Each structure stands twice: as C-alpha cells, then as structure tokens.
Amino acid sequence: MKASATKKNGVLHFYFEGELDEHAARQIRRRIDAFIDENAAAESAVFHLTHVTFMDSTGIGFFIGRYKKLAAYAIPAYFADVGCEADKVLSLSGVYTVVPKLPPAADQYAPGQGANIAATQNINGGRRA
C-alpha cells in the first residue's frame, strides 16, 4: 500500500494505491493521523481511491477512523476517484452515508456538461493536486 497526502487550497488530499488490508492500515494510520493533526485548520478532506486494488473490512474501519478524527476538527470528509474494487466494498458497507462520494472531477466532463465541484460540494480545490 502506498499512501500520500497533500494540502491544496485548504483541502487535504489523501491518495491510496494498492491493497488496503489490516497490515497496510497499521502501516499508514500514524502518518495519515499526523498529517491531519498538522493541518487541523483545513476546510475539508478528500480520499482518492482510484488505485486501490483490494479493500476488506479493515479498510472500512480505517476510513471510519479517519472520518472521526477529521470530524473532531470539524473537517468534512469525502471520497473521490473511487476505483471499482473499493467502490463495491464501500457501497455494500453503507459508508457513503457517512462519507459522501464526490462526482467525477469537473475537468473529466465534456465542456458544458460538468458540475462545479467547489460549488456543489461546498469545498475548494476538489481537483487532484
């Protein structure tokens, strides 16, 4: 599991690649939590899951835990760019009722067909960093 985090325009972006299981969650939890703590004044947070190839119930727990940590700072969380494998697990678990999934990035729409994510989701910088 590879994980990276950036901050752009007040929005925390977390990128995940690979398998999110118990072993991977243990390895990345502290780094992600430290990044959240260092950026407690952020406006929102977005979990990008395009390249997650496997996720089990530990992955669900990992995201619920990060959601709770963000909520303690009053930072709303969203999923974006969710790949097929992760989407199946997150949909079945019902986690989207707590952490909503953003529509595809505005720059992926054909001209004139896209939604302005910043306006519709009340976040700034909804695009990839």
# chains A, B, ... in the order shown; residues from 1 in each chain; ligands from 1
call {"tool": "residues_around", "arguments": {"residues": "A:Asp21", "least_positions_apart": "4", "cutoff": "8 Å", "atoms": "only C-alpha atoms", "output": "VMD selection string"}}
result
chain A and resid 25 54 to 59
call {"tool": "write_last_selection", "arguments": {"atoms": "C-alpha atoms", "output": "compact mmCIF listing (two decimals), in the first residue's frame"}}
result
# COMPACT_ATOMS: atom_id res chain seq x y z
CA ALA A 25 -3.77 0.07 7.60
CA PHE A 54 -8.26 -4.57 -2.71
CA MET A 55 -10.03 -3.50 0.46
CA ASP A 56 -11.53 -5.57 3.26
CA SER A 57 -13.43 -4.62 6.40
CA THR A 58 -10.23 -3.24 7.91
CA GLY A 59 -10.19 -0.67 5.12
call {"tool": "closest_residue", "arguments": {"among": "A:Ile28, A:Tyr67, A:Ser44, A:Thr50", "to": "A:Tyr96", "atoms": "only C-alpha atoms"}}
result
A:Tyr67
call {"tool": "residues_around", "arguments": {"residues": "A:His51", "least_positions_apart": "2", "cutoff": "8 Å", "atoms": "only C-alpha atoms", "output": "PyMOL selection string"}}
result
chain A and resi 16-18+49+53+83
call {"tool": "closest_atom_pairs", "arguments": {"of": "stretch 48-105 of chain A", "to": "stretch 11-14 of chain A", "cutoff": "12 Å", "atoms": "only C-alpha atoms", "output": "JSON lines"}}
result
{"residue": "A:His48", "atom": "CA", "partner": "A:Phe14", "partner_atom": "CA", "distance": 5.9}
{"residue": "A:Leu49", "atom": "CA", "partner": "A:Phe14", "partner_atom": "CA", "distance": 8.5}
{"residue": "A:Thr50", "atom": "CA", "partner": "A:Phe14", "partner_atom": "CA", "distance": 11.1}
{"residue": "A:His51", "atom": "CA", "partner": "A:Phe14", "partner_atom": "CA", "distance": 11.9}
{"residue": "A:Phe63", "atom": "CA", "partner": "A:Phe14", "partner_atom": "CA", "distance": 11.1}
{"residue": "A:Arg66", "atom": "CA", "partner": "A:Phe14", "partner_atom": "CA", "distance": 10.9}
{"residue": "A:Leu70", "atom": "CA", "partner": "A:Leu12", "partner_atom": "CA", "distance": 10.3}
{"residue": "A:Ile75", "atom": "CA", "partner": "A:Val11", "partner_atom": "CA", "distance": 9.4}
{"residue": "A:Pro76", "atom": "CA", "partner": "A:Val11", "partner_atom": "CA", "distance": 9.9}
{"residue": "A:Ala77", "atom": "CA", "partner": "A:Leu12", "partner_atom": "CA", "distance": 9.2}
{"residue": "A:Tyr78", "atom": "CA", "partner": "A:His13", "partner_atom": "CA", "distance": 9.7}
{"residue": "A:Phe79", "atom": "CA", "partner": "A:Phe14", "partner_atom": "CA", "distance": 9.5}
{"residue": "A:Ala80", "atom": "CA", "partner": "A:His13", "partner_atom": "CA", "distance": 9.6}
{"residue": "A:Asp81", "atom": "CA", "partner": "A:Phe14", "partner_atom": "CA", "distance": 11.1}
call {"tool": "closest_residue", "arguments": {"among": "A:Ile64, A:Ala24, A:Phe35, A:Lys69", "to": "A:Gly94", "atoms": "only C-alpha atoms"}}
result
A:Ile64
call {"tool": "residues_around", "arguments": {"residues": "A:Val52", "least_positions_apart": "6", "cutoff": "10 Å", "atoms": "only C-alpha atoms", "output": "PyMOL selection string"}}
result
chain A and resi 1-2+15-20+82-87
